[in-house]
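Structure data follow from protein_29.txt (compact mmCIF, C-alpha atoms):
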```txt
# COMPACT_ATOMS: atom_id res chain seq x y z
CA MET A 10 -0.46 11.72 28.58
CA ASN A 11 -1.61 14.24 25.96
CA ILE A 12 1.12 16.43 24.49
CA ARG A 13 -0.36 19.26 22.42
CA VAL A 14 1.68 20.14 19.34
CA VAL A 15 2.07 23.01 16.88
CA ILE A 16 4.06 22.71 13.63
CA VAL A 17 5.85 25.74 12.15
CA ASP A 18 7.44 25.36 8.71
CA ASP A 19 7.16 27.36 5.49
CA GLU A 20 7.22 24.15 3.41
CA PRO A 21 3.79 22.43 3.19
CA LEU A 22 5.35 19.03 2.43
CA ALA A 23 7.60 19.32 5.49
CA ARG A 24 4.56 20.07 7.69
CA LEU A 25 2.73 17.10 6.16
CA ALA A 26 5.66 14.77 6.93
CA VAL A 27 5.57 15.79 10.60
CA LYS A 28 1.78 15.40 10.75
CA VAL A 29 1.88 11.89 9.29
CA ARG A 30 4.49 10.76 11.78
CA LEU A 31 2.74 12.40 14.72
CA ALA A 32 -0.50 10.60 13.83
CA ARG A 33 1.19 7.28 14.65
CA ARG A 34 1.71 8.26 18.28
CA ASP A 35 -1.38 8.46 20.50
CA ALA A 36 0.36 10.64 23.09
CA PHE A 37 0.50 13.63 20.70
CA THR A 38 -2.36 15.89 19.56
CA LEU A 39 -1.91 18.42 16.76
CA LEU A 40 -3.39 21.84 17.62
CA GLY A 41 -2.41 23.72 14.49
CA GLU A 42 0.21 24.50 11.87
CA PHE A 43 1.74 27.73 10.59
CA GLY A 44 3.80 28.65 7.55
CA ASP A 45 5.64 31.70 8.89
CA GLY A 46 7.12 32.97 12.13
CA ALA A 47 4.83 35.97 12.60
CA SER A 48 1.56 34.02 12.49
CA ALA A 49 3.18 31.21 14.48
CA TYR A 50 4.00 33.62 17.32
CA ASP A 51 0.35 34.67 17.63
CA GLY A 52 -0.78 31.05 17.32
CA ILE A 53 1.56 29.79 20.03
CA VAL A 54 0.51 32.56 22.41
CA ALA A 55 -3.16 31.74 21.79
CA LEU A 56 -2.99 27.94 21.68
CA LYS A 57 -0.35 27.42 24.39
CA PRO A 58 1.04 24.14 22.98
CA ASP A 59 3.28 21.86 25.00
CA LEU A 60 5.58 21.14 22.05
CA VAL A 61 6.44 22.93 18.83
CA PHE A 62 8.20 21.58 15.76
CA VAL A 63 9.81 24.63 14.21
CA ASP A 64 11.84 25.13 11.03
CA VAL A 65 14.98 27.13 11.74
CA ASP A 66 15.28 28.80 8.32
CA MET A 67 12.09 30.62 7.28
CA PRO A 68 11.52 33.91 5.43
CA GLY A 69 11.02 36.85 7.76
CA LYS A 70 11.03 35.73 11.39
CA SER A 71 13.18 32.60 11.62
CA GLY A 72 12.42 29.70 13.90
CA LEU A 73 15.15 30.83 16.30
CA ASP A 74 13.78 34.39 16.28
CA LEU A 75 10.32 33.00 17.01
CA LEU A 76 11.46 31.03 20.05
CA ALA A 77 13.64 33.86 21.34
CA ALA A 78 10.67 36.27 21.14
CA LEU A 79 8.56 34.09 23.44
CA PRO A 80 9.02 34.72 27.18
CA PRO A 81 10.85 31.70 28.68
CA ALA A 82 7.86 30.90 30.91
CA GLN A 83 5.60 30.69 27.82
CA ARG A 84 8.09 28.93 25.56
CA PRO A 85 6.95 25.38 24.73
CA MET A 86 9.29 22.44 24.38
CA ALA A 87 10.88 22.81 20.95
CA ILE A 88 12.20 20.40 18.35
CA LEU A 89 14.11 22.27 15.66
CA LEU A 90 14.01 21.22 12.01
CA THR A 91 16.69 22.38 9.59
CA ALA A 92 18.64 21.43 6.48
CA TYR A 93 21.82 22.88 8.02
CA ASP A 94 23.88 21.77 11.00
CA GLY A 95 25.32 25.10 12.18
CA PHE A 96 22.70 26.03 14.78
CA ALA A 97 23.59 23.69 17.65
CA VAL A 98 24.79 26.47 19.98
CA GLN A 99 21.67 28.59 19.43
CA ALA A 100 19.52 25.51 19.97
CA PHE A 101 21.24 24.91 23.30
CA GLU A 102 20.81 28.55 24.37
CA LEU A 103 17.07 28.31 23.69
CA ALA A 104 16.85 24.99 25.58
CA ALA A 105 15.60 23.15 22.49
CA LEU A 106 14.62 19.58 23.23
CA ASP A 107 16.14 18.21 20.02
CA TYR A 108 17.60 19.30 16.71
CA LEU A 109 16.73 17.29 13.59
CA LEU A 110 18.46 17.55 10.22
CA LYS A 111 16.29 17.39 7.10
CA PRO A 112 15.54 14.99 5.60
CA VAL A 113 14.74 13.49 8.99
CA ASP A 114 14.91 9.72 9.17
CA GLU A 115 12.27 7.70 11.02
CA GLU A 116 14.48 6.60 13.89
CA ARG A 117 15.69 10.11 14.74
CA PHE A 118 12.14 11.44 14.60
CA ASP A 119 10.93 8.73 16.97
CA GLU A 120 13.86 9.43 19.28
CA ALA A 121 12.86 13.12 19.42
CA LEU A 122 9.28 12.19 20.31
CA ASP A 123 10.57 9.84 23.00
CA ARG A 124 12.58 12.71 24.50
CA ALA A 125 9.46 14.90 24.48
CA GLN A 126 7.49 12.23 26.35
CA GLN A 127 10.30 11.87 28.88
CA ALA A 128 10.54 15.61 29.49
CA PHE A 129 6.83 16.39 29.49
CA PRO A 130 6.02 15.32 33.09
CA TYR A 131 8.81 17.59 34.38
CA ARG A 132 7.96 20.62 32.27
CA GLY A 133 8.08 23.72 34.44
CA GLN A 134 10.15 22.02 37.13
CA GLY A 135 13.51 22.71 35.49
CA ARG A 136 15.01 20.80 32.58
CA ALA A 137 17.77 19.26 34.65
CA ALA A 138 15.38 17.54 37.05
CA ALA A 139 13.82 15.06 34.65
CA PRO A 140 16.76 12.95 33.51
CA ALA A 141 18.29 12.70 36.97
CA SER A 142 15.15 11.30 38.56
CA ALA A 143 14.24 8.94 35.72
CA ALA A 144 17.63 7.58 34.72
CA VAL A 145 18.54 3.96 35.47
CA ARG A 146 21.45 3.41 37.88
CA SER A 147 22.46 -0.14 36.98
CA PHE A 148 21.83 -2.85 34.39
CA SER A 149 20.86 -6.42 35.28
CA VAL A 150 22.86 -8.91 33.24
CA ARG A 151 22.07 -12.64 33.25
CA ILE A 152 25.07 -14.98 33.19
CA GLY A 153 23.85 -18.55 33.43
CA SER A 154 21.99 -18.81 36.72
CA ARG A 155 23.54 -15.60 38.07
CA THR A 156 22.39 -12.00 37.78
CA VAL A 157 25.17 -9.39 37.70
CA LEU A 158 24.45 -5.70 38.33
CA VAL A 159 26.60 -3.42 36.15
CA PRO A 160 26.59 0.17 37.48
CA VAL A 161 25.73 2.72 34.82
CA ALA A 162 28.59 4.91 36.10
CA GLU A 163 31.04 2.23 34.92
CA VAL A 164 29.59 1.91 31.40
CA GLU A 165 31.75 3.61 28.79
CA ARG A 166 29.80 2.83 25.64
CA ILE A 167 26.98 0.59 24.42
CA GLU A 168 26.77 -1.05 21.03
CA ALA A 169 23.83 -2.72 19.29
CA ASP A 170 24.01 -6.49 18.78
CA GLY A 171 20.89 -7.46 16.84
CA ASP A 172 17.96 -7.32 19.26
CA TYR A 173 20.41 -7.12 22.17
CA ALA A 174 23.09 -4.64 23.24
CA THR A 175 26.66 -4.97 24.49
CA LEU A 176 27.85 -2.91 27.44
CA HIS A 177 31.53 -1.95 27.56
CA ALA A 178 32.65 -1.30 31.14
CA ASN A 179 36.12 -1.38 32.72
CA GLY A 180 37.56 -3.54 29.96
CA LYS A 181 34.73 -6.09 30.14
CA THR A 182 31.72 -6.65 27.89
CA TRP A 183 28.22 -7.62 29.02
CA LEU A 184 25.31 -8.69 26.83
CA VAL A 185 21.98 -7.07 27.76
CA ARG A 186 18.76 -8.57 26.40
CA GLU A 187 17.31 -5.22 25.44
CA ARG A 188 17.35 -3.13 22.26
CA LEU A 189 19.66 -0.13 22.04
CA HIS A 190 16.71 2.19 21.48
CA ASN A 191 15.14 1.16 24.80
CA LEU A 192 18.42 1.58 26.66
CA ALA A 193 18.83 5.09 25.25
CA MET A 194 15.47 6.03 26.78
CA ARG A 195 16.64 4.97 30.25
CA LEU A 196 19.98 6.80 30.31
CA ASP A 197 20.65 10.33 31.56
CA PRO A 198 21.20 12.45 28.39
CA ARG A 199 23.56 14.71 30.34
CA GLN A 200 25.93 11.74 30.65
CA PHE A 201 25.21 9.48 27.66
CA HIS A 202 24.46 10.28 24.07
CA ARG A 203 23.51 8.24 21.04
CA VAL A 204 25.99 8.94 18.25
CA HIS A 205 24.90 6.33 15.70
CA ARG A 206 22.05 3.90 15.10
CA SER A 207 24.27 1.25 16.66
CA SER A 208 26.12 3.05 19.46
CA ILE A 209 25.74 5.14 22.61
CA VAL A 210 28.74 6.85 24.26
CA ARG A 211 29.32 8.30 27.71
CA LEU A 212 30.14 11.94 27.00
CA ASP A 213 33.15 12.16 29.28
CA MET A 214 34.75 9.26 27.37
CA ILE A 215 35.09 11.40 24.22
CA ALA A 216 38.71 12.57 23.93
CA GLU A 217 38.64 13.87 20.37
CA LEU A 218 36.13 14.60 17.62
CA CYS A 219 37.29 14.69 14.01
CA ALA A 220 34.77 16.03 11.49
CA LEU A 221 34.52 14.26 8.13
CA THR A 222 33.64 15.79 4.77
CA ASN A 223 30.20 14.13 4.71
CA ARG A 224 29.31 15.74 8.09
CA ASP A 225 29.81 12.49 9.96
CA ALA A 226 32.59 12.47 12.57
CA LEU A 227 35.07 10.07 14.10
CA LEU A 228 35.14 9.96 17.88
CA ARG A 229 38.30 8.84 19.66
CA LEU A 230 37.51 7.63 23.16
CA ARG A 231 39.79 7.74 26.18
CA ASP A 232 40.31 3.98 26.03
CA GLY A 233 41.64 4.30 22.46
CA SER A 234 38.46 3.08 20.74
CA VAL A 235 37.31 4.87 17.59
CA LEU A 236 33.61 5.18 16.77
CA ARG A 237 31.76 6.84 13.93
CA ALA A 238 29.14 9.48 14.75
CA SER A 239 26.58 9.86 11.96
CA ARG A 240 25.54 13.26 10.65
CA SER A 241 21.95 12.96 11.88
CA TYR A 242 23.19 12.70 15.49
CA MET A 243 25.95 15.32 15.25
CA PRO A 244 23.94 18.50 16.00
CA ALA A 245 22.43 17.05 19.19
CA LEU A 246 25.85 15.67 20.18
CA ALA A 247 27.43 19.11 19.65
CA GLU A 248 24.73 20.62 21.85
CA ALA A 249 25.33 18.04 24.58
CA LEU A 250 29.09 18.62 24.51
CA GLN A 251 28.57 22.39 24.54
CA HIS A 252 26.33 22.03 27.58
CA ARG A 253 28.80 19.76 29.34
CA ASN A 254 31.78 22.02 28.70
CA LYS A 255 30.05 25.26 29.64
CA LYS A 256 31.56 26.67 32.80
CA PRO A 257 29.16 27.68 35.60
CA GLU A 258 28.90 31.44 36.00
```
Let me see the file written as structure tokens.
Amino acid sequence: MNIRVVIVDDEPLARLAVKVRLARRDAFTLLGEFGDGASAYDGIVALKPDLVFVDVDMPGKSGLDLLAALPPAQRPMAILLTAYDGFAVQAFELAALDYLLKPVDEERFDEALDRAQQAFPYRGQGRAAAPASAAVRSFSVRIGSRTVLVPVAEVERIEADGDYATLHANGKTWLVRERLHNLAMRLDPRQFHRVHRSSIVRLDMIAELCALTNRDALLRLRDGSVLRASRSYMPALAEALQHRNKKPE
């Protein structure tokens, strides 16, 4: 796998931070970097990257303007970078792969790269096709000498427990000997979403979202549980909920 990348950001230090992190992943190759939307448009058309990291707020042509100007067939996978969290709807409309708030922490950046690697083989076949074909359908849980299969459709939320994870399903809990990060990679993002470093929630379990002053949120689930959603996951969660609630035309 070789995912070709372009970085678009008017801040040199922000571009450098992305380059340093990309260099740690062999699957990604940097083709070029641009400091403004106008030159980035010409560069993307010429270089034809698979993935672009693009700053939303730039002088002149913004990152959203840049993506919107590209014909959908020529638009690369996009990971948006921004210091503000009010662009989730526009990100969804442009089919952005992820939406990262600056300053971006290491775990969220790695999660975005993981999503790019997951989506890359299905690029051009329709965004909805990839998760459905790759997602796991059940979890194998060891209980003594027995192996119990827990259907993913019954899982309501998953919480980190050290190097393991706890599944919550139909009022029962199951310990899975796998890290939360790995489980997140195997779940369909149209159904499950990571809302915190330590928790994943099935989207249809969210009954209420209450925004907090620090841009975190409290999620009340249909079983009465209350979880905290951290600010770094909120824009992508808002996009996922917007997508889920959008009525077919």
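Between A:Ala193 and the residues A:Ala178, A:Val145, A:Leu158, A:Val150, the shortest atom-to-atom distance, using all atoms listed in the file, involves A:Val145.
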Q.
What's around A:Thr175 at 10 Å? Count only C-alpha atoms, leave out sequence neighbours fewer than 2 positions away in its own chain, and write the answer as a PyMOL selection string.
A. chain A and resi 166-171+173+177-178+181-189+208
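When all atoms listed in the file are used to measure the gap to A:Pro80, the shortest distance among A:Ala36, A:Leu103, A:Leu56, A:Val210 belongs to A:Leu103.
Using only C-alpha atoms, the shortest contact distance between A:Met194 and any of A:Ala32, A:Gln251, A:Ala121, A:Phe43 is found at A:Ala121.
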Q.
Rounded to one decimal, what separation in Å do you get between atom CA of A:Ser239 and atom CA of A:Ser149?
A. 29.0 Å
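What separates atom CA of A:Leu110 from atom CA of A:His202 is a distance of 16.8 Å.
Going from atom CA of A:Asp35 over to atom CA of A:Asn11, you cover 8.0 Å.
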Q | Using all atoms listed in the file: which of A:Arg229, A:His205, A:Arg211, A:Arg224 has the shortest distance to A:Leu176 | A | A:Arg211
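Across A:Glu165, A:Asp172, A:Glu116, A:Asp107, the tightest approach to A:Ala87 is made by A:Asp107 when counting only C-alpha atoms.
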(Q) I'd like the contact shell of A:Leu79 - 9 Å cut-off, all atoms listed in the file, skipping same-chain residues fewer than 6 positions apart - returned as a ChimeraX atom specification. (A) /A:50,53-54,85
Q.
So that I can see what lies close to A:Ala23, please list as number ranges by chain the residues with an atom at most 12 Å from it, counting only C-alpha atoms and leaving out residues fewer than 4 positions away in the same chain.
A. A: 16-19, 27-30, 42-44, 62-64, 90-92, 110-113
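Distance annotation: of A:Ala105, A:Val235, A:Leu218, A:Ala55, the residue with the minimal separation from A:Leu76 is A:Ala105; atom set is only C-alpha atoms.
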